[in-house]
>>> print(open('input12.txt').read())   # compact mmCIF, C-alpha atoms
# COMPACT_ATOMS: atom_id res chain seq x y z
CA MET A 21 23.88 76.25 98.95
CA THR A 22 21.96 79.15 100.48
CA VAL A 23 18.21 79.11 99.90
CA LEU A 24 16.07 82.28 99.98
CA MET A 25 12.33 81.78 100.40
CA SER A 26 9.22 83.91 100.04
CA ILE A 27 5.52 83.17 99.58
CA ARG A 28 3.19 84.50 96.89
CA LYS A 29 -0.57 84.01 96.74
CA PHE A 30 -2.36 84.10 93.39
CA ALA A 31 -5.59 85.90 94.25
CA GLY A 32 -8.82 83.99 93.77
CA THR A 33 -7.17 80.93 92.24
CA GLY A 34 -6.16 78.77 95.17
CA VAL A 35 -2.55 78.80 93.96
CA LEU A 36 0.18 79.39 96.52
CA ALA A 37 3.81 79.76 95.44
CA VAL A 38 6.92 79.30 97.55
CA ILE A 39 9.95 80.87 95.89
CA PHE A 40 13.36 79.39 96.56
CA THR A 41 16.44 80.76 94.81
CA GLY A 42 19.75 79.03 95.19
CA ALA A 43 22.68 81.38 95.73
CA MET A 44 25.02 79.60 93.32
CA MET A 45 26.03 82.71 91.39
CA SER A 46 29.21 83.50 89.52
CA ALA A 47 29.80 87.17 88.73
CA ALA A 48 32.24 86.24 85.98
CA MET A 49 29.64 84.28 84.04
CA ALA A 50 27.59 85.97 81.31
CA GLU A 51 23.88 85.87 82.09
CA LEU A 52 21.76 83.54 79.98
CA ARG A 53 19.42 85.86 78.12
CA ILE A 54 17.30 86.24 74.99
CA ASP A 55 17.04 89.80 73.66
CA ILE A 56 13.57 89.85 72.10
CA THR A 57 13.97 93.46 70.95
CA ARG A 58 16.54 92.55 68.28
CA GLY A 59 14.07 91.02 65.81
CA THR A 60 14.56 87.52 64.48
CA SER A 61 16.95 85.19 66.29
CA GLU A 62 17.56 81.47 66.59
CA PRO A 63 15.41 79.89 69.31
CA MET A 64 17.27 78.93 72.48
CA PRO A 65 17.75 75.17 72.96
CA ILE A 66 16.15 74.25 76.29
CA ALA A 67 15.81 70.84 77.94
CA ILE A 68 12.53 70.31 79.80
CA THR A 69 12.49 67.05 81.71
CA ASP A 70 9.36 65.23 82.84
CA PHE A 71 8.70 66.28 86.43
CA ASN A 72 9.34 63.49 88.91
CA GLY A 73 6.67 61.91 91.10
CA ALA A 74 6.53 59.00 93.53
CA SER A 75 3.21 57.50 92.42
CA SER A 76 1.86 56.86 88.93
CA SER A 77 -0.66 59.70 89.28
CA GLU A 78 2.05 62.12 90.43
CA LYS A 79 4.26 61.10 87.51
CA LYS A 80 1.33 61.69 85.14
CA PHE A 81 0.80 65.17 86.57
CA GLY A 82 4.53 65.84 86.20
CA THR A 83 4.68 64.66 82.60
CA ASN A 84 1.59 66.64 81.61
CA ILE A 85 2.82 69.83 83.28
CA ALA A 86 6.21 69.55 81.58
CA GLY A 87 4.37 69.11 78.27
CA VAL A 88 2.38 72.33 78.78
CA ILE A 89 5.58 74.22 79.59
CA ALA A 90 7.36 72.89 76.51
CA ASP A 91 4.42 73.68 74.23
CA ASP A 92 4.07 77.24 75.58
CA LEU A 93 7.76 78.04 75.18
CA GLU A 94 7.97 76.47 71.72
CA ARG A 95 4.98 78.45 70.43
CA SER A 96 6.67 81.70 71.50
CA GLY A 97 9.27 81.07 68.80
CA LEU A 98 12.05 81.97 71.25
CA PHE A 99 12.75 78.48 72.62
CA GLN A 100 13.48 75.10 71.09
CA PRO A 101 12.58 72.31 73.53
CA LEU A 102 14.99 69.45 72.90
CA ASP A 103 13.84 65.92 72.09
CA LYS A 104 13.64 63.95 75.34
CA ARG A 105 15.16 60.95 73.58
CA SER A 106 18.43 62.89 73.39
CA PHE A 107 18.67 63.30 77.19
CA ILE A 108 21.65 61.53 78.76
CA GLN A 109 20.79 62.17 82.40
CA THR A 110 17.27 61.07 83.31
CA SER A 111 14.96 63.18 85.43
CA GLN A 112 14.96 60.43 88.05
CA ALA A 113 18.75 60.74 88.36
CA MET A 114 18.59 64.47 89.19
CA ASN A 115 17.91 64.13 92.90
CA SER A 116 20.49 66.82 93.68
CA LEU A 117 22.43 68.84 91.11
CA PRO A 118 22.22 68.13 87.38
CA ARG A 119 25.26 66.70 85.63
CA PHE A 120 25.76 69.83 83.53
CA GLY A 121 28.27 68.15 81.21
CA ASP A 122 25.55 65.72 80.07
CA TRP A 123 23.32 68.67 79.10
CA ARG A 124 26.10 70.62 77.37
CA VAL A 125 26.76 67.60 75.15
CA ILE A 126 23.25 67.89 73.65
CA ASN A 127 23.61 71.70 73.33
CA ALA A 128 21.05 72.58 75.99
CA GLN A 129 21.59 76.16 77.12
CA ALA A 130 18.88 76.00 79.79
CA LEU A 131 17.46 73.11 81.78
CA VAL A 132 14.11 72.75 83.54
CA GLN A 133 13.53 70.06 86.14
CA GLY A 134 10.70 69.59 88.60
CA ARG A 135 8.61 67.39 90.82
CA ALA A 136 4.88 66.85 91.43
CA GLU A 137 3.46 65.34 94.62
CA MET A 138 0.16 65.12 96.43
CA VAL A 139 0.30 66.49 99.98
CA SER A 140 -1.74 65.35 102.97
CA ASP A 141 -4.48 67.99 102.61
CA GLY A 142 -5.27 66.84 99.06
CA ARG A 143 -3.48 69.66 97.28
CA LEU A 144 -0.96 69.21 94.50
CA ARG A 145 2.55 70.52 95.15
CA VAL A 146 4.60 71.29 92.04
CA GLU A 147 8.16 72.57 92.19
CA PHE A 148 10.57 73.46 89.42
CA ARG A 149 14.06 74.80 88.93
CA LEU A 150 15.52 76.59 85.93
CA TRP A 151 19.24 76.10 85.39
CA ASP A 152 21.80 77.92 83.27
CA VAL A 153 23.68 74.93 81.87
CA PHE A 154 26.92 76.65 80.89
CA ALA A 155 27.17 78.81 84.02
CA GLU A 156 26.06 75.80 86.13
CA GLN A 157 23.83 77.98 88.26
CA GLN A 158 20.17 78.05 89.23
CA MET A 159 18.27 80.96 87.71
CA VAL A 160 14.93 80.55 89.48
CA GLY A 161 13.10 78.02 91.60
CA LEU A 162 9.51 77.91 92.80
CA ALA A 163 7.05 75.53 94.41
CA TYR A 164 3.29 75.83 93.92
CA PHE A 165 0.41 74.44 95.96
CA THR A 166 -2.98 74.15 94.28
CA VAL A 167 -5.94 71.85 93.72
CA PRO A 168 -5.15 69.02 91.29
CA ASP A 169 -7.57 70.33 88.65
CA ASN A 170 -5.32 73.39 88.30
CA TRP A 171 -2.38 71.39 86.95
CA ARG A 172 -2.57 72.87 83.45
CA ARG A 173 -2.60 76.41 84.80
CA ILE A 174 0.48 75.65 86.89
CA GLY A 175 2.24 74.72 83.64
CA HIS A 176 1.35 78.11 82.14
CA ILE A 177 2.53 79.95 85.28
CA ILE A 178 5.87 78.12 85.22
CA ALA A 179 6.28 78.86 81.49
CA ASP A 180 5.65 82.56 82.24
CA SER A 181 8.30 82.49 84.96
CA ILE A 182 10.87 80.92 82.62
CA TYR A 183 10.01 83.35 79.82
CA LYS A 184 10.37 86.35 82.13
CA ARG A 185 13.65 85.17 83.68
CA ILE A 186 15.33 84.59 80.32
CA THR A 187 13.86 87.44 78.23
CA GLY A 188 13.35 90.07 80.93
CA GLU A 189 9.78 90.57 79.65
CA SER A 190 6.53 89.45 81.25
CA GLY A 191 5.07 86.25 79.90
CA TYR A 192 1.61 85.78 78.39
CA PHE A 193 0.84 82.09 78.77
CA ASP A 194 -1.41 82.28 81.84
CA THR A 195 -4.14 84.06 79.88
CA ARG A 196 -7.45 83.40 78.16
CA ILE A 197 -8.97 84.23 74.80
CA VAL A 198 -12.60 85.12 74.25
CA TYR A 199 -13.80 84.90 70.65
CA ILE A 200 -16.80 84.36 68.36
CA ALA A 201 -17.38 80.68 67.53
CA GLU A 202 -19.03 80.39 64.11
CA THR A 203 -20.95 77.57 62.41
CA GLY A 204 -23.16 77.26 59.33
CA LYS A 205 -23.00 78.62 55.79
CA GLN A 206 -21.81 82.15 55.22
CA ASP A 207 -25.32 83.52 54.67
CA ARG A 208 -26.69 81.83 57.82
CA ARG A 209 -23.90 81.98 60.37
CA VAL A 210 -24.53 81.05 63.99
CA LYS A 211 -22.23 83.09 66.24
CA ARG A 212 -21.67 82.24 69.89
CA LEU A 213 -19.41 83.72 72.55
CA ALA A 214 -16.69 81.24 73.57
CA ILE A 215 -13.66 81.29 75.85
CA MET A 216 -10.49 79.19 76.06
CA ASP A 217 -6.95 79.25 77.38
CA GLN A 218 -4.44 80.97 75.10
CA ASP A 219 -3.30 77.56 73.84
CA GLY A 220 -6.86 76.48 72.94
CA ALA A 221 -7.41 74.25 76.00
CA ASN A 222 -10.38 74.41 78.42
CA HIS A 223 -12.75 75.54 75.69
CA ARG A 224 -16.35 76.40 76.62
CA PHE A 225 -19.28 78.42 75.30
CA LEU A 226 -20.61 81.43 77.19
CA THR A 227 -23.79 82.06 75.17
CA ASP A 228 -26.36 79.82 73.48
CA PRO A 229 -26.65 79.51 69.67
CA GLY A 230 -29.94 81.43 69.52
CA THR A 231 -28.29 84.82 70.05
CA LEU A 232 -26.09 86.65 67.55
CA VAL A 233 -22.97 87.87 69.38
CA LEU A 234 -20.23 90.15 68.02
CA THR A 235 -16.92 91.78 69.01
CA PRO A 236 -16.20 90.72 72.61
CA ARG A 237 -13.69 92.71 74.69
CA PHE A 238 -12.12 91.97 78.11
CA SER A 239 -12.24 94.38 81.01
CA PRO A 240 -8.93 95.29 82.71
CA THR A 241 -10.03 93.27 85.75
CA LEU A 242 -10.42 90.09 83.65
CA GLN A 243 -13.74 89.24 85.32
CA GLU A 244 -15.98 90.85 82.71
CA ILE A 245 -16.47 90.94 78.95
CA THR A 246 -18.34 93.55 77.00
CA TYR A 247 -19.89 92.53 73.69
CA LEU A 248 -22.45 93.56 71.11
CA SER A 249 -25.57 91.51 70.47
CA TYR A 250 -28.92 92.05 68.79
CA TYR A 251 -32.30 92.13 70.47
CA GLY A 252 -34.48 91.69 67.42
CA ASP A 253 -32.90 94.14 64.98
CA LEU A 254 -31.70 96.46 67.73
CA PRO A 255 -27.98 96.53 68.70
CA ARG A 256 -27.60 96.00 72.41
CA VAL A 257 -24.43 96.15 74.51
CA TYR A 258 -23.94 93.64 77.33
CA ILE A 259 -21.45 93.10 80.13
CA PHE A 260 -20.89 89.42 80.91
CA ASN A 261 -19.36 88.26 84.21
CA ILE A 262 -17.20 85.23 83.44
CA ASP A 263 -17.27 83.76 86.95
CA THR A 264 -21.00 84.07 87.62
CA GLY A 265 -22.37 83.93 84.08
CA ARG A 266 -24.48 87.00 84.86
CA GLN A 267 -25.30 89.31 81.95
CA GLU A 268 -26.08 92.99 82.33
CA VAL A 269 -27.53 95.20 79.61
CA LEU A 270 -25.68 98.50 79.23
CA GLY A 271 -28.30 99.81 76.85
CA ASP A 272 -29.84 99.73 73.39
CA PHE A 273 -27.83 101.61 70.78
CA PRO A 274 -29.70 101.89 67.45
CA GLY A 275 -26.80 103.71 65.83
CA MET A 276 -24.02 101.46 67.08
CA THR A 277 -21.26 101.17 64.46
CA PHE A 278 -18.48 99.63 66.52
CA ALA A 279 -18.68 97.64 69.75
CA PRO A 280 -17.35 99.19 72.97
CA ARG A 281 -14.00 98.73 74.65
CA PHE A 282 -13.24 99.29 78.33
CA SER A 283 -11.14 102.20 79.51
CA PRO A 284 -7.88 101.18 81.24
CA ASP A 285 -9.40 101.78 84.69
CA GLY A 286 -12.52 99.77 83.81
CA LYS A 287 -14.85 102.62 84.75
CA LYS A 288 -15.97 103.56 81.25
CA VAL A 289 -16.54 102.04 77.83
CA ILE A 290 -15.78 103.80 74.58
CA MET A 291 -17.75 103.18 71.39
CA SER A 292 -18.87 104.71 68.12
CA MET A 293 -22.51 105.45 67.31
CA ALA A 294 -24.27 106.99 64.34
CA LYS A 295 -26.82 109.62 65.24
CA ASP A 296 -28.59 111.49 62.42
CA GLY A 297 -26.52 109.42 59.99
CA ASN A 298 -23.16 110.58 61.36
CA SER A 299 -20.84 108.23 63.23
CA GLU A 300 -19.09 109.77 66.24
CA ILE A 301 -17.15 108.47 69.25
CA TYR A 302 -18.77 108.40 72.70
CA THR A 303 -17.93 107.21 76.19
CA MET A 304 -20.30 105.79 78.80
CA ASP A 305 -19.67 105.96 82.54
CA LEU A 306 -20.46 102.47 83.84
CA ARG A 307 -21.60 103.78 87.22
CA THR A 308 -23.92 106.58 86.13
CA ARG A 309 -24.66 105.37 82.56
CA ALA A 310 -23.96 108.95 81.44
CA VAL A 311 -22.96 109.16 77.75
CA LYS A 312 -20.44 111.78 76.56
CA ARG A 313 -19.67 112.68 72.95
CA LEU A 314 -15.96 113.07 72.13
CA THR A 315 -15.82 113.80 68.38
CA ASN A 316 -17.86 116.25 66.34
CA HIS A 317 -17.15 115.95 62.63
CA SER A 318 -19.11 115.33 59.45
CA ALA A 319 -16.88 112.32 58.66
CA ILE A 320 -17.21 108.76 59.96
CA ASP A 321 -15.27 108.33 63.23
CA THR A 322 -15.13 104.79 64.57
CA SER A 323 -13.06 101.94 66.14
CA PRO A 324 -11.80 103.80 69.24
CA SER A 325 -9.16 102.31 71.57
CA TYR A 326 -7.55 103.83 74.67
CA ALA A 327 -3.83 104.12 75.32
CA PRO A 328 -2.86 102.10 78.43
CA ASP A 329 -2.49 105.28 80.52
CA GLY A 330 -5.98 106.44 79.48
CA ASP A 331 -4.71 109.84 78.33
CA ARG A 332 -5.11 109.30 74.58
CA ILE A 333 -7.40 107.49 72.15
CA THR A 334 -6.71 106.09 68.70
CA PHE A 335 -9.50 105.69 66.12
CA ASN A 336 -10.06 105.59 62.38
CA SER A 337 -11.83 108.23 60.32
CA ASP A 338 -12.36 109.26 56.72
CA ARG A 339 -12.21 112.97 57.61
CA GLY A 340 -9.10 113.33 55.44
CA GLY A 341 -10.78 111.86 52.35
CA SER A 342 -9.84 108.21 52.97
CA GLN A 343 -10.01 105.87 55.95
CA GLN A 344 -6.95 106.59 58.10
CA LEU A 345 -5.78 106.35 61.71
CA TYR A 346 -5.90 109.23 64.17
CA VAL A 347 -4.89 109.93 67.77
CA MET A 348 -6.59 112.42 70.11
CA ASP A 349 -6.59 113.34 73.78
CA SER A 350 -9.06 111.47 75.98
CA ASN A 351 -11.30 114.57 76.08
CA GLY A 352 -11.63 114.57 72.27
CA ARG A 353 -9.21 117.44 71.65
CA GLY A 354 -5.90 117.51 69.81
CA VAL A 355 -6.90 115.24 66.91
CA LYS A 356 -3.88 114.24 64.82
CA ARG A 357 -3.62 111.95 61.80
CA ILE A 358 -0.88 109.32 62.13
CA SER A 359 -1.24 107.02 59.06
CA PHE A 360 -0.08 108.21 55.63
CA GLY A 361 0.61 104.98 53.73
CA LYS A 362 -1.22 103.68 50.68
CA GLY A 363 -4.57 102.02 51.26
CA ARG A 364 -7.20 102.17 53.99
CA TYR A 365 -6.54 101.68 57.73
CA ALA A 366 -8.97 100.36 60.36
CA THR A 367 -9.44 98.72 63.80
CA PRO A 368 -6.52 100.38 65.62
CA VAL A 369 -5.67 98.87 69.02
CA TRP A 370 -3.14 100.42 71.41
CA SER A 371 -0.47 98.07 72.79
CA PRO A 372 -0.53 97.37 76.56
CA ARG A 373 3.05 98.72 76.60
CA GLY A 374 1.94 101.98 74.98
CA ASP A 375 4.70 101.82 72.36
CA LEU A 376 2.75 100.58 69.32
CA ILE A 377 -0.67 100.66 67.70
CA ALA A 378 -1.84 97.58 65.80
CA PHE A 379 -4.22 97.94 62.86
CA THR A 380 -5.88 96.34 59.85
CA LYS A 381 -4.91 97.67 56.42
CA PHE A 382 -6.47 97.14 52.97
CA THR A 383 -4.41 97.89 49.88
CA GLY A 384 -3.87 96.27 46.49
CA GLY A 385 -6.82 93.91 46.99
CA ARG A 386 -5.25 92.35 50.12
CA PHE A 387 -5.72 92.76 53.87
CA TYR A 388 -2.81 93.17 56.29
CA ILE A 389 -2.19 93.21 60.03
CA GLY A 390 0.42 95.79 60.93
CA VAL A 391 1.84 97.96 63.69
CA MET A 392 3.14 101.52 63.91
CA GLN A 393 4.34 103.83 66.64
CA PRO A 394 1.77 106.23 68.13
CA ASP A 395 3.22 109.11 66.08
CA GLY A 396 2.76 107.11 62.87
CA SER A 397 6.41 106.24 62.34
CA GLY A 398 7.87 102.76 61.91
CA GLU A 399 4.94 101.11 60.11
CA ARG A 400 5.46 97.37 59.66
CA LEU A 401 3.13 94.80 58.09
CA LEU A 402 3.18 91.41 59.85
CA ALA A 403 0.52 89.24 58.19
CA GLU A 404 -1.56 89.29 54.99
CA ASP A 405 -4.28 87.32 53.20
CA PHE A 406 -7.64 87.50 51.43
CA LEU A 407 -9.00 88.76 54.77
CA VAL A 408 -7.14 89.28 58.04
CA GLU A 409 -8.72 91.45 60.70
CA ALA A 410 -9.30 92.34 64.37
CA PRO A 411 -5.82 92.42 65.96
CA THR A 412 -5.68 91.96 69.74
CA TRP A 413 -2.59 92.24 71.96
CA ALA A 414 -1.08 89.76 74.39
CA PRO A 415 -0.70 91.47 77.80
CA ASN A 416 3.08 91.80 77.35
CA GLY A 417 2.68 93.70 74.08
CA ARG A 418 4.99 91.33 72.17
CA VAL A 419 2.44 89.08 70.42
CA LEU A 420 -0.76 89.73 68.47
CA MET A 421 -3.75 87.55 67.70
CA PHE A 422 -6.13 88.06 64.77
CA PHE A 423 -8.51 86.11 62.56
CA ARG A 424 -8.06 85.03 58.94
CA GLN A 425 -10.90 84.20 56.56
CA LYS A 426 -10.57 82.31 53.29
CA PRO A 427 -12.76 83.02 50.22
CA SER A 428 -16.17 81.34 50.05
CA ASN A 429 -17.21 79.01 47.26
CA ASN A 430 -20.04 79.86 44.87
CA ASP A 431 -22.41 77.55 46.74
CA GLY A 432 -21.77 79.35 50.05
CA SER A 433 -19.45 76.68 51.43
CA GLY A 434 -15.84 77.27 52.35
CA GLY A 435 -14.82 80.62 53.72
CA GLU A 436 -13.15 79.04 56.76
CA THR A 437 -12.32 81.48 59.52
CA ARG A 438 -9.48 80.74 61.92
CA VAL A 439 -7.54 82.50 64.70
CA PHE A 440 -3.79 83.02 64.50
CA SER A 441 -1.07 84.53 66.65
CA ILE A 442 2.04 86.32 65.40
CA ASP A 443 4.94 88.00 67.16
CA LEU A 444 6.31 91.43 66.35
CA THR A 445 9.02 90.00 64.10
CA GLY A 446 6.32 88.72 61.74
CA GLN A 447 8.21 85.43 61.52
CA ASN A 448 6.41 83.33 64.13
CA GLU A 449 2.81 82.86 63.00
CA ARG A 450 0.80 80.04 64.61
CA GLU A 451 -2.80 78.88 64.30
CA VAL A 452 -4.70 78.66 67.58
CA ILE A 453 -6.74 75.48 67.21
CA THR A 454 -10.48 75.89 67.86
CA PRO A 455 -13.24 73.27 67.50
CA MET A 456 -15.01 75.35 64.83
CA ASP A 457 -14.60 78.56 62.88
CA ALA A 458 -13.41 81.46 65.01
CA SER A 459 -13.33 85.24 64.62
CA ASP A 460 -12.93 88.47 66.63
CA PRO A 461 -10.50 87.22 69.30
CA ALA A 462 -9.82 89.28 72.42
CA TRP A 463 -6.79 88.54 74.63
CA SER A 464 -7.19 88.76 78.40
CA PRO A 465 -4.77 90.34 80.87
CA LEU A 466 -2.64 87.93 82.88
CA ILE A 467 -4.83 85.97 85.28
CA PRO A 468 -4.17 87.35 88.80
>>> encode(input="input12.txt", output="structure tokens")
Amino acid sequence: MTVLMSIRKFAGTGVLAVIFTGAMMSAAMAELRIDITRGTSEPMPIAITDFNGASSSEKKFGTNIAGVIADDLERSGLFQPLDKRSFIQTSQAMNSLPRFGDWRVINAQALVQGRAEMVSDGRLRVEFRLWDVFAEQQMVGLAYFTVPDNWRRIGHIIADSIYKRITGESGYFDTRIVYIAETGKQDRRVKRLAIMDQDGANHRFLTDPGTLVLTPRFSPTLQEITYLSYYGDLPRVYIFNIDTGRQEVLGDFPGMTFAPRFSPDGKKVIMSMAKDGNSEIYTMDLRTRAVKRLTNHSAIDTSPSYAPDGDRITFNSDRGGSQQLYVMDSNGRGVKRISFGKGRYATPVWSPRGDLIAFTKFTGGRFYIGVMQPDGSGERLLAEDFLVEAPTWAPNGRVLMFFRQKPSNNDGSGGETRVFSIDLTGQNEREVITPMDASDPAWSPLIP
């Protein structure tokens, strides 16, 4: 078997990948593939074995990493990890090639095997191979070197690699979520900035409970978050560096009506402010702090979000008599209404792929999370409840996250707020477990 090798360094993470792809290909075989553009489909049965290891600690790393991979792929709704108790061939027996007949018997279409070992310099080496069971060929193989504390992240990186190889789309598992952690009764909520992995692991707080924090947003570089806070009764916009913990004040904005988002190049933020009682959309250059007004209308213009190429902006406005979605050029010209359905539309967010705009909709006494194309066609509603709000996109543009709030009781109790993810089919909705109430999630780009 021919082996092709290359080396990839994950910047700033201490993760080094060696890629080895076996040349066991058969042109006559159909490629194992999931078409995620077709809508709903049955999840692919996949066998994920515990990764081998010589010592007990290496075996523990291997088992834990395999568990992260299985959980990631299962939550996507596209894969069905098979029960390990059904496996005929053990992971220990796969020292060379798998016995593919044993895996076909249990209906596995894909097989993942791997190994974890500590190397002499103290790093953890993790390798894996993805096999097409029916074609009996290797689809991808990689080995990673990293510090042992990075084991969970290695699991996410491997899950992304499997997802991409089988679907043809980039994965989204090696990402983080920043959100507002909430405690206390509804009339006395304590709101803190918190961050976690996309699966809820590695949770930590970024701000103390003495500061009210709202609407965090990631920068395109992943290193910084912009958010709205209050200094006394005055809205103030901050930039928070995740790695250093350093906070920088962008400025005080007495008329702030919607917290800022970064431009795709990270050089500007866009926001809405009310001056003289009229809410308009502005940008701020992060280098010069120069503020530029984009809209000029007697109506309320708010909730701006850039297209991924930076050429257009979506926002909501009541300039047509009711709250609807609009698109304009990045210089504020060429304003065009795109929503014409029943009800009110808000919080539009452009997909990282550029093909869809997500939004919140209120109609018939219910809230909805939906998507439409940038020209307003193809509107689809994905989730609904008493209150669902604040959609945010996974970096591959195939999954959304939002928060859901339940009604409060008369005594001020209840009203639980939780974060959920849902794919574009609307069929795969999952709660993202947090240690307390959670709102206003923001999904990071893939970690470089």
>>> closest_residue(input="input12.txt", among="A:Pro274, A:Thr322, A:Asn448, A:Phe107", to="Pro63 in chain A", atoms="only C-alpha atoms")
A:Asn448
>>> closest_residue(input="input12.txt", among="A:Ala294, A:Ile108, A:Ala90, A:Leu52", to="Gly188 in chain A", atoms="only C-alpha atoms")
A:Leu52
>>> atom_distance(input="input12.txt", atom1="CA of Arg281 in chain A", atom2="CA of Ser239 in chain A")
7.9 Å
>>> residues_around(input="input12.txt", residues="range 221-225 of chain A", least_positions_apart="4", cutoff="12 Å", atoms="all atoms listed in the file", output="ChimeraX atom specification")
/A:88,91-92,169-170,172-173,176,193-202,211-217,229,233,262,265,452-456
>>> atom_distance(input="input12.txt", atom1="CA of Ile442 in chain A", atom2="CA of Ala458 in chain A")
16.2 Å
>>> atom_distance(input="input12.txt", atom1="CA of Asn261 in chain A", atom2="CA of Phe282 in chain A")
13.9 Å
>>> residues_near_point(input="input12.txt", point="(-0.1, 110.8, 62.7)", cutoff="8 Å", atoms="all atoms listed in the file", output="mmCIF file with C-alpha atoms, in the coordinates of the input")
data_model
loop_
_atom_site.group_PDB
_atom_site.id
_atom_site.type_symbol
_atom_site.label_atom_id
_atom_site.label_comp_id
_atom_site.auth_asym_id
_atom_site.auth_seq_id
_atom_site.Cartn_x
_atom_site.Cartn_y
_atom_site.Cartn_z
ATOM 1 C CA LEU A 345 -5.780 106.350 61.710
ATOM 2 C CA TYR A 346 -5.900 109.230 64.170
ATOM 3 C CA VAL A 347 -4.890 109.930 67.770
ATOM 4 C CA LYS A 356 -3.880 114.240 64.820
ATOM 5 C CA ARG A 357 -3.620 111.950 61.800
ATOM 6 C CA ILE A 358 -0.880 109.320 62.130
ATOM 7 C CA SER A 359 -1.240 107.020 59.060
ATOM 8 C CA PHE A 360 -0.080 108.210 55.630
ATOM 9 C CA PRO A 394 1.770 106.230 68.130
ATOM 10 C CA ASP A 395 3.220 109.110 66.080
ATOM 11 C CA GLY A 396 2.760 107.110 62.870
ATOM 12 C CA SER A 397 6.410 106.240 62.340
#
>>> residues_near_point(input="input12.txt", point="(-15.0, 109.7, 70.6)", cutoff="8 Å", atoms="all atoms listed in the file", output="PDB file with C-alpha atoms, keeping the file's coordinate frame")
ATOM      1  CA  ILE A 290     -15.780 103.800  74.580  1.00  0.00           C
ATOM      2  CA  MET A 291     -17.750 103.180  71.390  1.00  0.00           C
ATOM      3  CA  SER A 292     -18.870 104.710  68.120  1.00  0.00           C
ATOM      4  CA  GLU A 300     -19.090 109.770  66.240  1.00  0.00           C
ATOM      5  CA  ILE A 301     -17.150 108.470  69.250  1.00  0.00           C
ATOM      6  CA  TYR A 302     -18.770 108.400  72.700  1.00  0.00           C
ATOM      7  CA  THR A 303     -17.930 107.210  76.190  1.00  0.00           C
ATOM      8  CA  ARG A 313     -19.670 112.680  72.950  1.00  0.00           C
ATOM      9  CA  LEU A 314     -15.960 113.070  72.130  1.00  0.00           C
ATOM     10  CA  THR A 315     -15.820 113.800  68.380  1.00  0.00           C
ATOM     11  CA  ASP A 321     -15.270 108.330  63.230  1.00  0.00           C
ATOM     12  CA  THR A 322     -15.130 104.790  64.570  1.00  0.00           C
ATOM     13  CA  PRO A 324     -11.800 103.800  69.240  1.00  0.00           C
ATOM     14  CA  GLY A 352     -11.630 114.570  72.270  1.00  0.00           C
TER      15      GLY A 352
END
>>> residues_around(input="input12.txt", residues="Asp405 in chain A", least_positions_apart="6", cutoff="10 Å", atoms="only C-alpha atoms", output="list in words")
Gly385, Arg386, Phe387, Tyr388, Ile389, Arg424, Gln425, Lys426 and Pro427 of chain A
>>> write_last_selection(input="input12.txt", atoms="C-alpha atoms", output="PDB file, in the coordinates of the input")
ATOM      1  CA  GLY A 385      -6.820  93.910  46.990  1.00  0.00           C
ATOM      2  CA  ARG A 386      -5.250  92.350  50.120  1.00  0.00           C
ATOM      3  CA  PHE A 387      -5.720  92.760  53.870  1.00  0.00           C
ATOM      4  CA  TYR A 388      -2.810  93.170  56.290  1.00  0.00           C
ATOM      5  CA  ILE A 389      -2.190  93.210  60.030  1.00  0.00           C
ATOM      6  CA  ARG A 424      -8.060  85.030  58.940  1.00  0.00           C
ATOM      7  CA  GLN A 425     -10.900  84.200  56.560  1.00  0.00           C
ATOM      8  CA  LYS A 426     -10.570  82.310  53.290  1.00  0.00           C
ATOM      9  CA  PRO A 427     -12.760  83.020  50.220  1.00  0.00           C
TER      10      PRO A 427
END
>>> closest_residue(input="input12.txt", among="A:Arg339, A:Lys104, A:Arg135, A:Arg119", to="Phe81 in chain A", atoms="only C-alpha atoms")
A:Arg135
>>> closest_residue(input="input12.txt", among="A:Ala128, A:Pro468, A:Ala366, A:Trp413", to="Ile177 in chain A", atoms="only C-alpha atoms")
A:Pro468
>>> closest_residue(input="input12.txt", among="A:Ile467, A:Ala155, A:Ile66, A:Val167", to="Arg143 in chain A", atoms="all atoms listed in the file")
A:Val167
>>> closest_residue(input="input12.txt", among="A:Lys79, A:Lys287, A:Arg124, A:Arg185", to="Ile54 in chain A", atoms="all atoms listed in the file")
A:Arg185
>>> residues_around(input="input12.txt", residues="Arg266 in chain A", least_positions_apart="4", cutoff="12 Å", atoms="only C-alpha atoms", output="compact mmCIF listing (two decimals) with C-alpha atoms, in the frame of the given file")
# COMPACT_ATOMS: atom_id res chain seq x y z
CA LEU A 226 -20.61 81.43 77.19
CA THR A 227 -23.79 82.06 75.17
CA GLN A 243 -13.74 89.24 85.32
CA GLU A 244 -15.98 90.85 82.71
CA ILE A 245 -16.47 90.94 78.95
CA THR A 246 -18.34 93.55 77.00
CA TYR A 258 -23.94 93.64 77.33
CA ILE A 259 -21.45 93.10 80.13
CA PHE A 260 -20.89 89.42 80.91
CA ASN A 261 -19.36 88.26 84.21
CA ILE A 262 -17.20 85.23 83.44
>>> residues_around(input="input12.txt", residues="Ala136 in chain A", least_positions_apart="5", cutoff="10 Å", atoms="all atoms listed in the file", output="JSON, numbers by chain")
{"A": [70, 71, 72, 73, 74, 75, 77, 78, 79, 80, 81, 82, 83, 85, 144, 145, 146, 147, 148, 163, 164, 165, 171]}
